[in-house]
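Contents: one structure, followed by commentary.
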Amino acid sequence: MTTVLRGLLRAAPRSEVLPVLREALSDGAISDPRRDHLRCWGYRLDPPHGWPSPLHTAQAVVALDRAARVLGENAGARAAREDGVRWLLTCPEASHDTCADLRNLHEEVRRPRTDDPSRHEVLSVRHFTASWVARALLSPGAVEIARADGLEEQWRVRLDGAVAAVWAGQTDGVWFWGRGDSTELRRPMWMTYQGLSTLRAHAVWMYQPGD
């Protein structure tokens, strides 16, 4: 959902589908009693949603923030997006460069085959979680919320931790996907792209003449 929403916002910002996707995404947020009942996102938009997911929450925040810049924002979407940012800022762990909120994820998505709907194909999807959390915290809306709520220190600590985790994933400018159960050490191009994009965005944010 977030991938389609972000893509359409760039490719077809006047598409009539965009408000529908935005509402479906914001309506899919869930309340997390472990973090002050702030809303976040799980692995699914429909029940069962699964456990609260830092990755999917960060992806939703990025998508909703971009949608707000292009489409404007209603009260429901704004409340869900702001809760998602606050949820990311309430990570309970002391070390924010190695915390569980930054753990990379590997998902398998099953979908019906177009040539034979009675059969399914399995898509393997890997997520560079730290890069998504950093991008969410660098979104204009997240910065505004941190300032308005007096949470700038928490924001900086968690952003610095996410960026440090992104940096730690590379060697000589190339990012590596961990071995896991395999003996193969992967060097996916998309991961290097995301790592470089995140570091660039952070560097641009840090360079503020006159501050």
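How things are named: the first chain in the structure tokens is A, the next is B, and so on; residues count from 1 in each chain; ligands count from 1 in the order shown.
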Neighbours of Trp41 of chain A within 12 Å (only C-alpha atoms; same-chain residues fewer than 2 positions away dropped), as an MDAnalysis selection string? chainID A and resid 2 24:32 38:39 43:61 80:81 83:85 87:88
Write to file, as a compact mmCIF listing (two decimals), in the first residue's frame, the residues of the selection just made, with N, CA, C and O atoms.
# COMPACT_ATOMS: atom_id res chain seq x y z
N THR A 2 1.84 1.33 0.90
CA THR A 2 2.67 2.53 0.98
C THR A 2 3.50 2.71 -0.28
O THR A 2 3.72 3.85 -0.72
N ALA A 24 -7.44 4.32 3.39
CA ALA A 24 -7.25 2.91 3.76
C ALA A 24 -6.02 2.76 4.64
O ALA A 24 -6.02 1.98 5.60
N LEU A 25 -4.96 3.51 4.32
CA LEU A 25 -3.74 3.42 5.11
C LEU A 25 -3.96 3.99 6.51
O LEU A 25 -3.57 3.37 7.52
N SER A 26 -4.55 5.16 6.60
CA SER A 26 -4.76 5.76 7.92
C SER A 26 -5.75 4.96 8.75
O SER A 26 -5.58 4.82 9.98
N ASP A 27 -6.77 4.37 8.11
CA ASP A 27 -7.73 3.56 8.85
C ASP A 27 -7.12 2.24 9.34
O ASP A 27 -7.66 1.60 10.24
N GLY A 28 -6.01 1.82 8.74
CA GLY A 28 -5.38 0.57 9.12
C GLY A 28 -4.48 0.67 10.34
O GLY A 28 -3.89 -0.32 10.77
N ALA A 29 -4.36 1.87 10.92
CA ALA A 29 -3.53 2.05 12.12
C ALA A 29 -4.17 1.34 13.31
O ALA A 29 -5.39 1.21 13.41
N ILE A 30 -3.34 0.86 14.22
CA ILE A 30 -3.81 0.15 15.42
C ILE A 30 -3.25 0.83 16.67
O ILE A 30 -2.23 1.51 16.62
N SER A 31 -3.93 0.63 17.79
CA SER A 31 -3.50 1.20 19.06
C SER A 31 -2.55 0.23 19.76
O SER A 31 -2.78 -0.98 19.78
N ASP A 32 -1.46 0.77 20.32
CA ASP A 32 -0.48 -0.06 21.01
C ASP A 32 -0.50 0.25 22.50
O ASP A 32 0.01 1.29 22.93
N LEU A 38 -0.66 4.80 21.68
CA LEU A 38 -0.43 5.53 20.43
C LEU A 38 -0.71 4.60 19.26
O LEU A 38 -0.48 3.39 19.33
N ARG A 39 -1.19 5.16 18.18
CA ARG A 39 -1.47 4.35 17.01
C ARG A 39 -0.21 4.15 16.17
O ARG A 39 0.65 5.03 16.07
N TYR A 43 1.64 -5.58 10.43
CA TYR A 43 2.04 -6.16 9.15
C TYR A 43 0.92 -6.17 8.13
O TYR A 43 1.17 -6.36 6.94
N ARG A 44 -0.32 -5.97 8.59
CA ARG A 44 -1.47 -5.98 7.70
C ARG A 44 -2.35 -4.77 8.00
O ARG A 44 -2.40 -4.28 9.13
N LEU A 45 -3.06 -4.29 6.97
CA LEU A 45 -4.00 -3.20 7.17
C LEU A 45 -5.34 -3.70 7.68
O LEU A 45 -6.10 -2.95 8.29
N ASP A 46 -5.65 -4.96 7.41
CA ASP A 46 -6.91 -5.55 7.86
C ASP A 46 -6.64 -6.56 8.96
O ASP A 46 -5.55 -7.14 9.03
N PRO A 47 -7.62 -6.82 9.83
CA PRO A 47 -7.43 -7.84 10.87
C PRO A 47 -7.17 -9.20 10.25
O PRO A 47 -7.76 -9.51 9.21
N PRO A 48 -6.31 -10.02 10.86
CA PRO A 48 -5.47 -9.68 12.01
C PRO A 48 -4.28 -8.82 11.60
O PRO A 48 -3.56 -9.16 10.66
N HIS A 49 -4.09 -7.71 12.30
CA HIS A 49 -3.06 -6.76 11.92
C HIS A 49 -1.64 -7.24 12.23
O HIS A 49 -0.69 -6.80 11.60
N GLY A 50 -1.53 -8.13 13.20
CA GLY A 50 -0.21 -8.55 13.65
C GLY A 50 0.35 -7.59 14.69
O GLY A 50 -0.29 -6.60 15.06
N TRP A 51 1.54 -7.87 15.16
CA TRP A 51 2.17 -7.04 16.18
C TRP A 51 2.54 -5.68 15.61
O TRP A 51 2.80 -5.54 14.42
N PRO A 52 2.59 -4.64 16.46
CA PRO A 52 3.07 -3.34 16.00
C PRO A 52 4.44 -3.46 15.35
O PRO A 52 5.32 -4.16 15.88
N SER A 53 4.63 -2.80 14.23
CA SER A 53 5.85 -2.95 13.46
C SER A 53 6.52 -1.59 13.22
O SER A 53 5.93 -0.72 12.57
N PRO A 54 7.73 -1.39 13.74
CA PRO A 54 8.45 -0.14 13.47
C PRO A 54 8.64 0.10 11.97
O PRO A 54 8.52 1.23 11.50
N LEU A 55 8.95 -0.98 11.23
CA LEU A 55 9.14 -0.83 9.79
C LEU A 55 7.89 -0.31 9.12
O LEU A 55 7.92 0.70 8.39
N HIS A 56 6.76 -0.99 9.32
CA HIS A 56 5.54 -0.60 8.64
C HIS A 56 5.01 0.75 9.14
O HIS A 56 4.40 1.50 8.38
N THR A 57 5.27 1.06 10.41
CA THR A 57 4.89 2.37 10.92
C THR A 57 5.71 3.46 10.23
O THR A 57 5.17 4.49 9.82
N ALA A 58 7.01 3.24 10.09
CA ALA A 58 7.86 4.23 9.42
C ALA A 58 7.44 4.40 7.96
O ALA A 58 7.37 5.53 7.44
N GLN A 59 7.14 3.31 7.27
CA GLN A 59 6.71 3.40 5.88
C GLN A 59 5.39 4.17 5.77
O GLN A 59 5.20 4.97 4.85
N ALA A 60 4.48 3.94 6.71
CA ALA A 60 3.20 4.64 6.69
C ALA A 60 3.39 6.13 6.95
O ALA A 60 2.75 6.97 6.31
N VAL A 61 4.26 6.46 7.90
CA VAL A 61 4.53 7.88 8.20
C VAL A 61 5.08 8.59 6.97
O VAL A 61 4.66 9.70 6.63
N ALA A 80 -3.49 10.03 12.59
CA ALA A 80 -2.79 8.75 12.45
C ALA A 80 -1.31 8.97 12.19
O ALA A 80 -0.45 8.30 12.79
N ARG A 81 -0.98 9.91 11.30
CA ARG A 81 0.43 10.18 10.99
C ARG A 81 1.17 10.70 12.21
O ARG A 81 2.29 10.24 12.52
N ASP A 83 0.43 10.29 15.40
CA ASP A 83 0.59 9.20 16.38
C ASP A 83 1.72 8.26 15.96
O ASP A 83 2.47 7.77 16.81
N GLY A 84 1.81 7.99 14.65
CA GLY A 84 2.89 7.13 14.17
C GLY A 84 4.26 7.69 14.48
O GLY A 84 5.17 6.97 14.91
N VAL A 85 4.43 9.00 14.32
CA VAL A 85 5.70 9.64 14.65
C VAL A 85 5.97 9.53 16.15
O VAL A 85 7.07 9.15 16.58
N TRP A 87 4.83 7.38 18.20
CA TRP A 87 5.10 5.97 18.53
C TRP A 87 6.56 5.65 18.27
O TRP A 87 7.23 4.98 19.08
N LEU A 88 7.11 6.08 17.13
CA LEU A 88 8.52 5.84 16.83
C LEU A 88 9.44 6.50 17.85
O LEU A 88 10.54 6.00 18.12
Selection near Gly195 of chain A, 8 Å with only C-alpha atoms, sequence-local residues under 4 positions removed, as a VMD selection string: chain A and resid 131 166 to 167 175 191 199
I need the alpha helix (DSSP H) residues of chain A per DSSP on the backbone, written as a count of residues only. 107
Excluding Val174 of chain A and its own-chain neighbours fewer than 2 positions away, which residues fall within 12 Å of it when counting only C-alpha atoms? Please give them as a PyMOL selection string. chain A and resi 166-172+176-177+185-196
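With only C-alpha atoms as the atoms that count, the minimum distance from Val4 of chain A to the choices A:Cys91, A:Val109, A:Cys40, A:Leu64 is reached by A:Leu64.
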Hey, could you make a per-residue contact list for segment 154-201 of chain A against segment 142-150 of chain A with 12 Å as the cut-off, showing the nearest pair of atoms and its distance in Å to one decimal, counting only C-alpha atoms, sorted by chain and number, as a tab-separated table?
residue	atom	partner	partner_atom	distance
A:Gln154	CA	A:Ala146	CA	8.1
A:Trp155	CA	A:Ala146	CA	6.4
A:Arg156	CA	A:Ala146	CA	9.3
A:Val157	CA	A:Ala146	CA	11.7
A:Arg158	CA	A:Ala146	CA	11.5
A:Leu159	CA	A:Val143	CA	10.6
Restricted to C-alpha atoms, what would the selected residues look like written as a PDB file, in the first residue's frame?
ATOM      1  CA  GLN A 154      14.200  12.333  21.897  1.00  0.00           C
ATOM      2  CA  TRP A 155      13.879  12.937  18.162  1.00  0.00           C
ATOM      3  CA  ARG A 156      17.602  13.623  17.758  1.00  0.00           C
ATOM      4  CA  VAL A 157      18.621  10.602  19.839  1.00  0.00           C
ATOM      5  CA  ARG A 158      16.454   8.225  17.848  1.00  0.00           C
ATOM      6  CA  LEU A 159      17.367   9.793  14.514  1.00  0.00           C
TER       7      LEU A 159
END
Mind pulling up the distance from atom CA of Val17 of chain A to atom CA of Ala75 of chain A? 18.9 Å
Atom CA of His106 of chain A to atom CA of Ala94 of chain A, straight-line distance in Å: 24.9 Å
Quick one: of A:Ala100, A:Ala162, A:Ala63, A:Leu71, who's nearest to Arg6 of chain A, counting only C-alpha atoms? A:Ala63
Can you tell me which residues surround His120 of chain A at a distance of at most 6 Å, considering only C-alpha atoms, apart from same-chain residues fewer than 2 positions away, and format the answer as a list in words? Arg111, Pro112 and Arg113 of chain A
Any idea what's packed within 9 Å of His202 of chain A, counting only C-alpha atoms, ignoring anything in its chain fewer than 6 positions away? Could you give it as JSON, numbers by chain? {"A": [134, 135, 138, 159, 163]}
Assign secondary structure with DSSP using the backbone only, and return the residues of chain A in strand (DSSP E or B) as a PyMOL selection string. chain A and resi 30-32+38-40+105-112+120-127+170-171+174-175+177+186
Would you put the residues from that selection into a file with C-alpha atoms, as an mmCIF file, in the first residue's frame?
data_model
loop_
_atom_site.group_PDB
_atom_site.id
_atom_site.type_symbol
_atom_site.label_atom_id
_atom_site.label_comp_id
_atom_site.auth_asym_id
_atom_site.auth_seq_id
_atom_site.Cartn_x
_atom_site.Cartn_y
_atom_site.Cartn_z
ATOM 1 C CA ILE A 30 -3.805 0.154 15.419
ATOM 2 C CA SER A 31 -3.504 1.202 19.064
ATOM 3 C CA ASP A 32 -0.476 -0.059 21.011
ATOM 4 C CA LEU A 38 -0.433 5.525 20.433
ATOM 5 C CA ARG A 39 -1.467 4.353 17.007
ATOM 6 C CA CYS A 40 1.007 2.599 14.764
ATOM 7 C CA LEU A 105 12.794 -7.775 8.163
ATOM 8 C CA HIS A 106 12.224 -10.425 5.527
ATOM 9 C CA GLU A 107 8.640 -10.976 4.393
ATOM 10 C CA GLU A 108 7.029 -13.436 2.037
ATOM 11 C CA VAL A 109 3.988 -12.135 0.208
ATOM 12 C CA ARG A 110 1.574 -14.634 -1.321
ATOM 13 C CA ARG A 111 -0.680 -13.431 -4.130
ATOM 14 C CA PRO A 112 -2.885 -15.145 -6.758
ATOM 15 C CA HIS A 120 -0.344 -18.458 -5.765
ATOM 16 C CA GLU A 121 3.112 -17.038 -6.250
ATOM 17 C CA VAL A 122 5.401 -16.145 -3.370
ATOM 18 C CA LEU A 123 7.303 -12.852 -3.412
ATOM 19 C CA SER A 124 10.351 -12.471 -1.178
ATOM 20 C CA VAL A 125 10.673 -8.916 0.187
ATOM 21 C CA ARG A 126 13.529 -7.614 2.335
ATOM 22 C CA HIS A 127 13.317 -4.376 4.306
ATOM 23 C CA GLN A 170 28.093 -0.835 4.890
ATOM 24 C CA THR A 171 31.730 -1.553 4.126
ATOM 25 C CA VAL A 174 28.526 -1.051 -0.188
ATOM 26 C CA TRP A 175 25.680 -2.291 2.005
ATOM 27 C CA TRP A 177 22.298 -8.007 3.800
ATOM 28 C CA ARG A 186 24.299 -10.522 -0.276
#
